[in-house]
Amino acid sequence: MNLNQSIYEAMITDPGMKDYFKEIHLDSFCDPKFKEISKTMSLKRALEMKNISKESFIEGYKRFKESSCTDDSYTMSGVLPCPIKIPLLEALEEYLPHCPFPITLDLQSANLGLDFIKNHLENGNFTDFPDIVSSVGMELFFNHSFQENYMGPGKYVANMPFVKEQNHDYVDPQGKYGIIALVPAVFIVDNTYWKGNHPRTWEELLDPSMEDKIGLPHMDLDLMNALYVTIYSKYGMDGIKSLYKNKRKSLHPAQMTGKRQNNTIVPLSIAPYFFASMVSRSKQLSMVWPEDGAIVSPIFFFHKDNDVLHPFIDFLTGETIGKIFSKDGFFPSTNPKVPSELSKDQPLWWVGWDFLHSVNIEKILKDCDSVFEGDHL
């Protein structure tokens with residue numbers, strides 16, 4: 001159990017938590033008057049205030065769940081972009097009382113990585129795997145072993161209404177993966193360095209003249225993997241090597257939008273659109289949308305081949321959630337009923353299913369990592 005999550009998140013994502021709070025006389029936290037407090041106070045802090053040890057709380061909750069558990073409960077595990085987590089929880093709060101079955105949600109911010117999902121999938125027993133999985137990036141679910149053992153009819157599928165958008169086909173022809181939304185990658189340029197004469201395409205970023213000028217989001221593994229795969233799809237390993245030679249330093253996207261430390265200038269950084277949009281507060285930095293399209297890191301989505309799950313799947317792929325993702329165009333939804341908030345001057349570059357299904361993504365990512373570790377230059 002994650003005691004660092006907020007009380008609000010715990011009560012929304014775990015159907016038994018609110019009843020357990022009432023059982024141990026912590027029902028004051030369930031009062032709507034304390035809703036805003038519950039969004040900022042962690043479970044750990046609440047237990048400290050009530051002098052309840054974390055060990056007794058966790059053990060007590062396990063016993064409570066075992067005594068009240070039913071065979072028709074389901075689970076979802078996933079990672080989500082940080083900015084949409086709270087709005088998504090609020091939408092789930094409205095929907096879950098109407099869901100035809102109880103479901104426990106383990107949703108974490110993408111910056112925390114995929115380790116917790118890997119832990120769910122390591123025992124090799126498909127019956128115990130989450131019923132629904134969402135994931136930003138390609139690191140885990142495109143390895144050969146996972147696809148062979150767990151993807152396809154009777155296993156994990158994507159029975160969702162994903163559609164064409166902006167002339168890009170996001171529908172997996174094999175029906176294994178769905179894409180619920182996209183994370184576009186754009187440029188942040190330092191105006192004091194470029195004085196208006198900055199690169200405007202990904203191809204320009206690979207030019208030798210860009211050596212030691214590009215800040216890469218290496219701490220955002222999902223976005224970095226999308227850059228690897230997409231650039232490799234058009235420019236091959238030579239393109240990856242050029243990107244390596246031209247990198248200045250690796251930054252978390254949030255670091256790219258702040259003041260430069262020690263007067264160090266990073267001429268151009270690659271960052272998610274959401275973070276890059278913050279540079280409007282700065283005179284030194286500007287956001288540039290690549291003319292050949294913002295490379296997208298998909299938010300993948302799949303579920304066990306079980307018709308019972310469809311009402312919840314329909315909600316997660318519907319207009320309500322689509323609008324949360326697409327607000328201000330930061331994470332474009334693939335739902336056709338959700339209007340795109342991107343303009344015609346903001347094209348997207350999606351690597352495409354034909355490429356993903358025709359190559360060994362696991363090998364490509366390993367080869368790209370080797371380049372960036374300096375093994376194959």
# chains A, B, ... in the order shown; residues from 1 in each chain; ligands from 1
call {"tool": "residues_around", "arguments": {"residues": "A:Asp354", "least_positions_apart": "5", "cutoff": "12 Å", "atoms": "only C-alpha atoms", "output": "PDB file with N, CA, C and O atoms, in the first residue's frame"}}
result
ATOM      1  N   HIS A 168      -3.409  10.514 -39.149  1.00  0.00           N
ATOM      2  CA  HIS A 168      -2.596   9.459 -38.559  1.00  0.00           C
ATOM      3  C   HIS A 168      -3.520   8.357 -38.070  1.00  0.00           C
ATOM      4  O   HIS A 168      -4.525   8.625 -37.415  1.00  0.00           O
ATOM      5  N   ASP A 169      -3.186   7.108 -38.391  1.00  0.00           N
ATOM      6  CA  ASP A 169      -4.040   6.007 -37.981  1.00  0.00           C
ATOM      7  C   ASP A 169      -3.524   5.433 -36.657  1.00  0.00           C
ATOM      8  O   ASP A 169      -2.474   4.804 -36.612  1.00  0.00           O
ATOM      9  N   TYR A 170      -4.299   5.671 -35.593  1.00  0.00           N
ATOM     10  CA  TYR A 170      -3.896   5.194 -34.270  1.00  0.00           C
ATOM     11  C   TYR A 170      -4.541   3.869 -33.909  1.00  0.00           C
ATOM     12  O   TYR A 170      -4.391   3.395 -32.787  1.00  0.00           O
ATOM     13  N   VAL A 171      -5.279   3.268 -34.838  1.00  0.00           N
ATOM     14  CA  VAL A 171      -5.947   2.006 -34.569  1.00  0.00           C
ATOM     15  C   VAL A 171      -4.999   0.850 -34.876  1.00  0.00           C
ATOM     16  O   VAL A 171      -4.526   0.704 -36.006  1.00  0.00           O
ATOM     17  N   ASP A 172      -4.720   0.024 -33.871  1.00  0.00           N
ATOM     18  CA  ASP A 172      -3.859  -1.135 -34.067  1.00  0.00           C
ATOM     19  C   ASP A 172      -4.598  -2.167 -34.920  1.00  0.00           C
ATOM     20  O   ASP A 172      -5.612  -2.707 -34.493  1.00  0.00           O
ATOM     21  N   PRO A 173      -4.111  -2.464 -36.134  1.00  0.00           N
ATOM     22  CA  PRO A 173      -4.803  -3.432 -36.995  1.00  0.00           C
ATOM     23  C   PRO A 173      -4.849  -4.833 -36.393  1.00  0.00           C
ATOM     24  O   PRO A 173      -5.694  -5.638 -36.772  1.00  0.00           O
ATOM     25  N   GLN A 174      -3.956  -5.128 -35.451  1.00  0.00           N
ATOM     26  CA  GLN A 174      -3.960  -6.435 -34.807  1.00  0.00           C
ATOM     27  C   GLN A 174      -4.857  -6.466 -33.563  1.00  0.00           C
ATOM     28  O   GLN A 174      -5.053  -7.523 -32.966  1.00  0.00           O
ATOM     29  N   SER A 233      13.010   5.227 -37.127  1.00  0.00           N
ATOM     30  CA  SER A 233      12.124   4.788 -38.213  1.00  0.00           C
ATOM     31  C   SER A 233      12.405   5.519 -39.515  1.00  0.00           C
ATOM     32  O   SER A 233      12.180   4.975 -40.596  1.00  0.00           O
ATOM     33  N   VAL A 359       9.124  -4.490 -36.750  1.00  0.00           N
ATOM     34  CA  VAL A 359      10.495  -4.467 -36.233  1.00  0.00           C
ATOM     35  C   VAL A 359      10.517  -4.974 -34.794  1.00  0.00           C
ATOM     36  O   VAL A 359       9.478  -5.147 -34.160  1.00  0.00           O
TER      37      VAL A 359
END
call {"tool": "residues_around", "arguments": {"residues": "stretch 235-240 of chain A", "least_positions_apart": "3", "cutoff": "9 Å", "atoms": "only C-alpha atoms", "output": "NGL selection string"}}
result
:A and (203 or 206 or 228 or 230-232 or 243-245 or 364 or 367-368 or 371-372)
call {"tool": "write_last_selection", "arguments": {"atoms": "N, CA and C atoms", "output": "PDB file, in the first residue's frame"}}
result
ATOM      1  N   GLU A 203      14.905  17.040 -38.585  1.00  0.00           N
ATOM      2  CA  GLU A 203      16.058  16.793 -39.456  1.00  0.00           C
ATOM      3  C   GLU A 203      17.178  17.786 -39.178  1.00  0.00           C
ATOM      4  N   LEU A 206      19.528  16.921 -36.350  1.00  0.00           N
ATOM      5  CA  LEU A 206      20.515  15.865 -36.568  1.00  0.00           C
ATOM      6  C   LEU A 206      21.717  16.357 -37.374  1.00  0.00           C
ATOM      7  N   TYR A 228      13.650   7.869 -29.698  1.00  0.00           N
ATOM      8  CA  TYR A 228      14.492   6.819 -30.273  1.00  0.00           C
ATOM      9  C   TYR A 228      13.786   6.132 -31.445  1.00  0.00           C
ATOM     10  N   THR A 230      11.014   6.806 -33.160  1.00  0.00           N
ATOM     11  CA  THR A 230      10.534   7.615 -34.281  1.00  0.00           C
ATOM     12  C   THR A 230      11.687   8.088 -35.163  1.00  0.00           C
ATOM     13  N   ILE A 231      12.748   8.569 -34.544  1.00  0.00           N
ATOM     14  CA  ILE A 231      13.903   9.014 -35.331  1.00  0.00           C
ATOM     15  C   ILE A 231      14.544   7.826 -36.051  1.00  0.00           C
ATOM     16  N   TYR A 232      14.617   6.691 -35.377  1.00  0.00           N
ATOM     17  CA  TYR A 232      15.176   5.488 -36.010  1.00  0.00           C
ATOM     18  C   TYR A 232      14.339   5.078 -37.217  1.00  0.00           C
ATOM     19  N   LEU A 243      21.960  12.267 -33.045  1.00  0.00           N
ATOM     20  CA  LEU A 243      21.289  12.839 -31.884  1.00  0.00           C
ATOM     21  C   LEU A 243      22.195  12.763 -30.658  1.00  0.00           C
ATOM     22  N   TYR A 244      22.898  11.642 -30.518  1.00  0.00           N
ATOM     23  CA  TYR A 244      23.821  11.488 -29.391  1.00  0.00           C
ATOM     24  C   TYR A 244      24.956  12.529 -29.465  1.00  0.00           C
ATOM     25  N   LYS A 245      25.527  12.693 -30.641  1.00  0.00           N
ATOM     26  CA  LYS A 245      26.637  13.634 -30.790  1.00  0.00           C
ATOM     27  C   LYS A 245      26.204  15.079 -30.555  1.00  0.00           C
ATOM     28  N   ILE A 364      15.649  -2.377 -30.811  1.00  0.00           N
ATOM     29  CA  ILE A 364      15.930  -0.994 -31.204  1.00  0.00           C
ATOM     30  C   ILE A 364      16.229  -0.143 -29.970  1.00  0.00           C
ATOM     31  N   ASP A 367      19.639  -1.023 -28.607  1.00  0.00           N
ATOM     32  CA  ASP A 367      20.705  -0.499 -29.466  1.00  0.00           C
ATOM     33  C   ASP A 367      20.868   1.009 -29.271  1.00  0.00           C
ATOM     34  N   CYS A 368      19.729   1.712 -29.133  1.00  0.00           N
ATOM     35  CA  CYS A 368      19.793   3.161 -28.915  1.00  0.00           C
ATOM     36  C   CYS A 368      20.425   3.476 -27.559  1.00  0.00           C
ATOM     37  N   VAL A 371      24.129   3.251 -27.835  1.00  0.00           N
ATOM     38  CA  VAL A 371      24.716   4.449 -28.439  1.00  0.00           C
ATOM     39  C   VAL A 371      24.890   5.532 -27.408  1.00  0.00           C
ATOM     40  N   PHE A 372      23.862   5.748 -26.599  1.00  0.00           N
ATOM     41  CA  PHE A 372      23.919   6.832 -25.612  1.00  0.00           C
ATOM     42  C   PHE A 372      24.795   6.477 -24.416  1.00  0.00           C
TER      43      PHE A 372
END
call {"tool": "residues_around", "arguments": {"residues": "A:Phe325", "least_positions_apart": "3", "cutoff": "12 Å", "atoms": "only C-alpha atoms", "output": "number ranges by chain"}}
result
A: 80-88, 91, 180-183, 274, 299, 316-322, 328-335, 338-341
call {"tool": "atom_distance", "arguments": {"atom1": "atom CA of A:Ser135", "atom2": "atom CA of A:Phe302"}}
result
9.0 Å
call {"tool": "closest_residue", "arguments": {"among": "A:Gln5, A:Thr192, A:Ser269, A:Ser134", "to": "A:His218", "atoms": "only C-alpha atoms"}}
result
A:Ser269
call {"tool": "select_by_dssp", "arguments": {"residues": "stretch 122-346 of chain A", "states": "strand (DSSP E)", "output": "PyMOL selection string"}}
result
chain A and resi 132-136+156-157+164-165+168-169+178-190+214-216+247-250+268-272+285-288+294-304
call {"tool": "closest_residue", "arguments": {"among": "A:Lys241, A:His25, A:Lys39, A:Lys33", "to": "A:Ser370", "atoms": "only C-alpha atoms"}}
result
A:Lys241
call {"tool": "atom_distance", "arguments": {"atom1": "atom CA of A:His310", "atom2": "atom CA of A:His98"}}
result
13.5 Å
call {"tool": "select_by_dssp", "arguments": {"residues": "stretch 49-247 of chain A", "states": "helix (DSSP H, G or I)", "output": "JSON, numbers by chain"}}
result
{"A": [49, 54, 55, 56, 57, 58, 59, 60, 61, 62, 63, 64, 65, 66, 67, 68, 82, 83, 84, 85, 86, 87, 88, 89, 90, 91, 92, 93, 94, 95, 96, 97, 98, 110, 111, 112, 115, 116, 117, 118, 119, 120, 121, 126, 127, 128, 144, 145, 146, 147, 148, 149, 150, 191, 192, 193, 194, 202, 203, 204, 205, 208, 209, 210, 221, 222, 223, 224, 225, 226, 227, 228, 229, 230, 231, 232, 233, 234, 235, 236, 237, 238, 239, 240, 241, 242, 243, 244, 245, 246]}
call {"tool": "atom_distance", "arguments": {"atom1": "atom CA of A:Ile188", "atom2": "atom CA of A:Asp369"}}
result
23.6 Å
call {"tool": "residues_around", "arguments": {"residues": "A:Lys283", "least_positions_apart": "4", "cutoff": "10 Å", "atoms": "only C-alpha atoms", "output": "PyMOL selection string"}}
result
chain A and resi 190-192+279
call {"tool": "closest_residue", "arguments": {"among": "A:Asn246, A:Ile214, A:Pro336, A:Ala158", "to": "A:Lys323", "atoms": "only C-alpha atoms"}}
result
A:Pro336
call {"tool": "residues_around", "arguments": {"residues": "A:Glu204", "least_positions_apart": "6", "cutoff": "12 Å", "atoms": "only C-alpha atoms", "output": "number ranges by chain"}}
result
A: 187, 197-198, 210-211, 213-214, 239, 242-243, 246, 268, 290-292
call {"tool": "closest_residue", "arguments": {"among": "A:Val79, A:Val157, A:Leu3, A:Met11", "to": "A:Asp305", "atoms": "only C-alpha atoms"}}
result
A:Val157
call {"tool": "residues_around", "arguments": {"residues": "A:Gly196", "least_positions_apart": "4", "cutoff": "12 Å", "atoms": "only C-alpha atoms", "output": "ChimeraX atom specification"}}
result
/A:189-192,200,267,284-288
call {"tool": "residues_around", "arguments": {"residues": "A:Pro153", "least_positions_apart": "2", "cutoff": "9 Å", "atoms": "only C-alpha atoms", "output": "PyMOL selection string"}}
result
chain A and resi 151+155-157+175-176+304-305
call {"tool": "write_last_selection", "arguments": {"atoms": "all heavy atoms", "output": "PDB file, in the first residue's frame"}}
result
ATOM      1  N   MET A 151      -0.459 -11.083 -25.180  1.00  0.00           N
ATOM      2  CA  MET A 151      -1.235 -10.218 -26.051  1.00  0.00           C
ATOM      3  C   MET A 151      -1.981 -11.041 -27.094  1.00  0.00           C
ATOM      4  O   MET A 151      -1.417 -11.952 -27.683  1.00  0.00           O
ATOM      5  CB  MET A 151      -0.328  -9.202 -26.762  1.00  0.00           C
ATOM      6  CG  MET A 151       0.513  -8.333 -25.848  1.00  0.00           C
ATOM      7  SD  MET A 151      -0.442  -7.300 -24.715  1.00  0.00           S
ATOM      8  CE  MET A 151      -1.308  -6.213 -25.834  1.00  0.00           C
ATOM      9  N   LYS A 155      -6.445 -13.068 -24.206  1.00  0.00           N
ATOM     10  CA  LYS A 155      -5.451 -12.516 -23.288  1.00  0.00           C
ATOM     11  C   LYS A 155      -5.706 -11.012 -23.165  1.00  0.00           C
ATOM     12  O   LYS A 155      -6.790 -10.591 -22.816  1.00  0.00           O
ATOM     13  CB  LYS A 155      -4.042 -12.830 -23.794  1.00  0.00           C
ATOM     14  CG  LYS A 155      -3.781 -14.334 -23.947  1.00  0.00           C
ATOM     15  CD  LYS A 155      -2.417 -14.617 -24.574  1.00  0.00           C
ATOM     16  CE  LYS A 155      -2.231 -16.108 -24.802  1.00  0.00           C
ATOM     17  NZ  LYS A 155      -0.941 -16.409 -25.470  1.00  0.00           N
ATOM     18  N   TYR A 156      -4.691 -10.187 -23.448  1.00  0.00           N
ATOM     19  CA  TYR A 156      -4.891  -8.743 -23.465  1.00  0.00           C
ATOM     20  C   TYR A 156      -5.262  -8.292 -24.882  1.00  0.00           C
ATOM     21  O   TYR A 156      -4.619  -8.696 -25.861  1.00  0.00           O
ATOM     22  CB  TYR A 156      -3.630  -8.004 -23.030  1.00  0.00           C
ATOM     23  CG  TYR A 156      -3.448  -7.885 -21.526  1.00  0.00           C
ATOM     24  CD1 TYR A 156      -2.227  -8.194 -20.930  1.00  0.00           C
ATOM     25  CD2 TYR A 156      -4.483  -7.438 -20.705  1.00  0.00           C
ATOM     26  CE1 TYR A 156      -2.043  -8.066 -19.559  1.00  0.00           C
ATOM     27  CE2 TYR A 156      -4.311  -7.311 -19.334  1.00  0.00           C
ATOM     28  CZ  TYR A 156      -3.094  -7.629 -18.766  1.00  0.00           C
ATOM     29  OH  TYR A 156      -2.924  -7.498 -17.417  1.00  0.00           O
ATOM     30  N   VAL A 157      -6.274  -7.443 -24.975  1.00  0.00           N
ATOM     31  CA  VAL A 157      -6.719  -6.898 -26.254  1.00  0.00           C
ATOM     32  C   VAL A 157      -7.044  -5.419 -26.061  1.00  0.00           C
ATOM     33  O   VAL A 157      -6.940  -4.886 -24.952  1.00  0.00           O
ATOM     34  CB  VAL A 157      -7.975  -7.645 -26.776  1.00  0.00           C
ATOM     35  CG1 VAL A 157      -7.646  -9.100 -27.086  1.00  0.00           C
ATOM     36  CG2 VAL A 157      -9.120  -7.544 -25.777  1.00  0.00           C
ATOM     37  N   GLY A 175      -5.383  -5.301 -33.169  1.00  0.00           N
ATOM     38  CA  GLY A 175      -6.310  -5.257 -32.049  1.00  0.00           C
ATOM     39  C   GLY A 175      -5.707  -5.557 -30.690  1.00  0.00           C
ATOM     40  O   GLY A 175      -6.420  -5.857 -29.732  1.00  0.00           O
ATOM     41  N   LYS A 176      -4.385  -5.462 -30.578  1.00  0.00           N
ATOM     42  CA  LYS A 176      -3.733  -5.771 -29.302  1.00  0.00           C
ATOM     43  C   LYS A 176      -3.634  -4.542 -28.408  1.00  0.00           C
ATOM     44  O   LYS A 176      -3.851  -4.619 -27.196  1.00  0.00           O
ATOM     45  CB  LYS A 176      -2.325  -6.322 -29.560  1.00  0.00           C
ATOM     46  CG  LYS A 176      -2.292  -7.658 -30.287  1.00  0.00           C
ATOM     47  CD  LYS A 176      -0.845  -8.086 -30.542  1.00  0.00           C
ATOM     48  CE  LYS A 176      -0.779  -9.423 -31.247  1.00  0.00           C
ATOM     49  NZ  LYS A 176       0.619  -9.825 -31.533  1.00  0.00           N
ATOM     50  N   LYS A 304      -7.999  -7.192 -20.377  1.00  0.00           N
ATOM     51  CA  LYS A 304      -8.250  -8.612 -20.575  1.00  0.00           C
ATOM     52  C   LYS A 304      -9.474  -8.791 -21.477  1.00  0.00           C
ATOM     53  O   LYS A 304     -10.389  -7.976 -21.474  1.00  0.00           O
ATOM     54  CB  LYS A 304      -8.463  -9.311 -19.233  1.00  0.00           C
ATOM     55  CG  LYS A 304      -7.175  -9.463 -18.432  1.00  0.00           C
ATOM     56  CD  LYS A 304      -7.405 -10.223 -17.130  1.00  0.00           C
ATOM     57  CE  LYS A 304      -6.083 -10.406 -16.377  1.00  0.00           C
ATOM     58  NZ  LYS A 304      -6.285 -11.102 -15.081  1.00  0.00           N
ATOM     59  N   ASP A 305      -9.435  -9.854 -22.245  1.00  0.00           N
ATOM     60  CA  ASP A 305     -10.496 -10.138 -23.213  1.00  0.00           C
ATOM     61  C   ASP A 305     -11.739 -10.627 -22.462  1.00  0.00           C
ATOM     62  O   ASP A 305     -12.046 -11.825 -22.425  1.00  0.00           O
ATOM     63  CB  ASP A 305      -9.994 -11.199 -24.198  1.00  0.00           C
ATOM     64  CG  ASP A 305     -10.859 -11.282 -25.441  1.00  0.00           C
ATOM     65  OD1 ASP A 305     -11.866 -10.563 -25.508  1.00  0.00           O
ATOM     66  OD2 ASP A 305     -10.525 -12.074 -26.344  1.00  0.00           O
TER      67      ASP A 305
END
call {"tool": "closest_residue", "arguments": {"among": "A:Asn4, A:Thr127, A:Asn149, A:Ser73", "to": "A:Leu309", "atoms": "only C-alpha atoms"}}
result
A:Ser73
call {"tool": "closest_residue", "arguments": {"among": "A:Phe355, A:Met1, A:Gly293, A:Asp345", "to": "A:Glu59", "atoms": "only C-alpha atoms"}}
result
A:Met1
call {"tool": "decode", "arguments": {"residues": "stretch 235-249 of chain A", "atoms": "N, CA, C and O atoms", "output": "mmCIF file, in the first residue's frame"}}
result
data_model
loop_
_atom_site.group_PDB
_atom_site.id
_atom_site.type_symbol
_atom_site.label_atom_id
_atom_site.label_comp_id
_atom_site.auth_asym_id
_atom_site.auth_seq_id
_atom_site.Cartn_x
_atom_site.Cartn_y
_atom_site.Cartn_z
ATOM 1 N N TYR A 235 15.481 7.779 -39.947
ATOM 2 C CA TYR A 235 16.899 8.072 -40.180
ATOM 3 C C TYR A 235 17.823 6.923 -39.786
ATOM 4 O O TYR A 235 19.041 7.037 -39.965
ATOM 5 N N GLY A 236 17.262 5.829 -39.264
ATOM 6 C CA GLY A 236 18.076 4.680 -38.897
ATOM 7 C C GLY A 236 19.018 4.968 -37.739
ATOM 8 O O GLY A 236 18.917 5.990 -37.047
ATOM 9 N N MET A 237 19.982 4.070 -37.530
ATOM 10 C CA MET A 237 20.909 4.237 -36.415
ATOM 11 C C MET A 237 21.833 5.432 -36.628
ATOM 12 O O MET A 237 22.334 5.998 -35.649
ATOM 13 N N ASP A 238 22.040 5.852 -37.869
ATOM 14 C CA ASP A 238 22.840 7.057 -38.112
ATOM 15 C C ASP A 238 22.167 8.275 -37.472
ATOM 16 O O ASP A 238 22.837 9.164 -36.937
ATOM 17 N N GLY A 239 20.826 8.320 -37.557
ATOM 18 C CA GLY A 239 20.095 9.419 -36.927
ATOM 19 C C GLY A 239 20.238 9.406 -35.425
ATOM 20 O O GLY A 239 20.384 10.466 -34.791
ATOM 21 N N ILE A 240 20.226 8.215 -34.838
ATOM 22 C CA ILE A 240 20.394 8.094 -33.381
ATOM 23 C C ILE A 240 21.792 8.542 -32.971
ATOM 24 O O ILE A 240 21.975 9.254 -31.968
ATOM 25 N N LYS A 241 22.791 8.159 -33.742
ATOM 26 C CA LYS A 241 24.165 8.559 -33.438
ATOM 27 C C LYS A 241 24.335 10.071 -33.556
ATOM 28 O O LYS A 241 25.056 10.692 -32.774
ATOM 29 N N SER A 242 23.661 10.658 -34.550
ATOM 30 C CA SER A 242 23.728 12.116 -34.698
ATOM 31 C C SER A 242 23.085 12.812 -33.504
ATOM 32 O O SER A 242 23.597 13.816 -32.998
ATOM 33 N N LEU A 243 21.960 12.267 -33.045
ATOM 34 C CA LEU A 243 21.289 12.839 -31.884
ATOM 35 C C LEU A 243 22.195 12.763 -30.658
ATOM 36 O O LEU A 243 22.273 13.714 -29.861
ATOM 37 N N TYR A 244 22.898 11.642 -30.518
ATOM 38 C CA TYR A 244 23.821 11.488 -29.391
ATOM 39 C C TYR A 244 24.956 12.529 -29.465
ATOM 40 O O TYR A 244 25.287 13.176 -28.471
ATOM 41 N N LYS A 245 25.527 12.693 -30.641
ATOM 42 C CA LYS A 245 26.637 13.634 -30.790
ATOM 43 C C LYS A 245 26.204 15.079 -30.555
ATOM 44 O O LYS A 245 27.010 15.918 -30.138
ATOM 45 N N ASN A 246 24.941 15.353 -30.818
ATOM 46 C CA ASN A 246 24.467 16.733 -30.718
ATOM 47 C C ASN A 246 23.895 17.082 -29.346
ATOM 48 O O ASN A 246 23.509 18.226 -29.111
ATOM 49 N N LYS A 247 23.826 16.117 -28.445
ATOM 50 C CA LYS A 247 23.214 16.385 -27.141
ATOM 51 C C LYS A 247 24.136 17.223 -26.267
ATOM 52 O O LYS A 247 25.363 17.087 -26.314
ATOM 53 N N ARG A 248 23.547 18.086 -25.471
ATOM 54 C CA ARG A 248 24.294 18.901 -24.516
ATOM 55 C C ARG A 248 24.236 18.246 -23.127
ATOM 56 O O ARG A 248 25.230 17.968 -22.499
ATOM 57 N N LYS A 249 23.059 18.029 -22.639
ATOM 58 C CA LYS A 249 22.896 17.398 -21.333
ATOM 59 C C LYS A 249 21.509 16.800 -21.286
ATOM 60 O O LYS A 249 20.655 17.094 -22.108
#
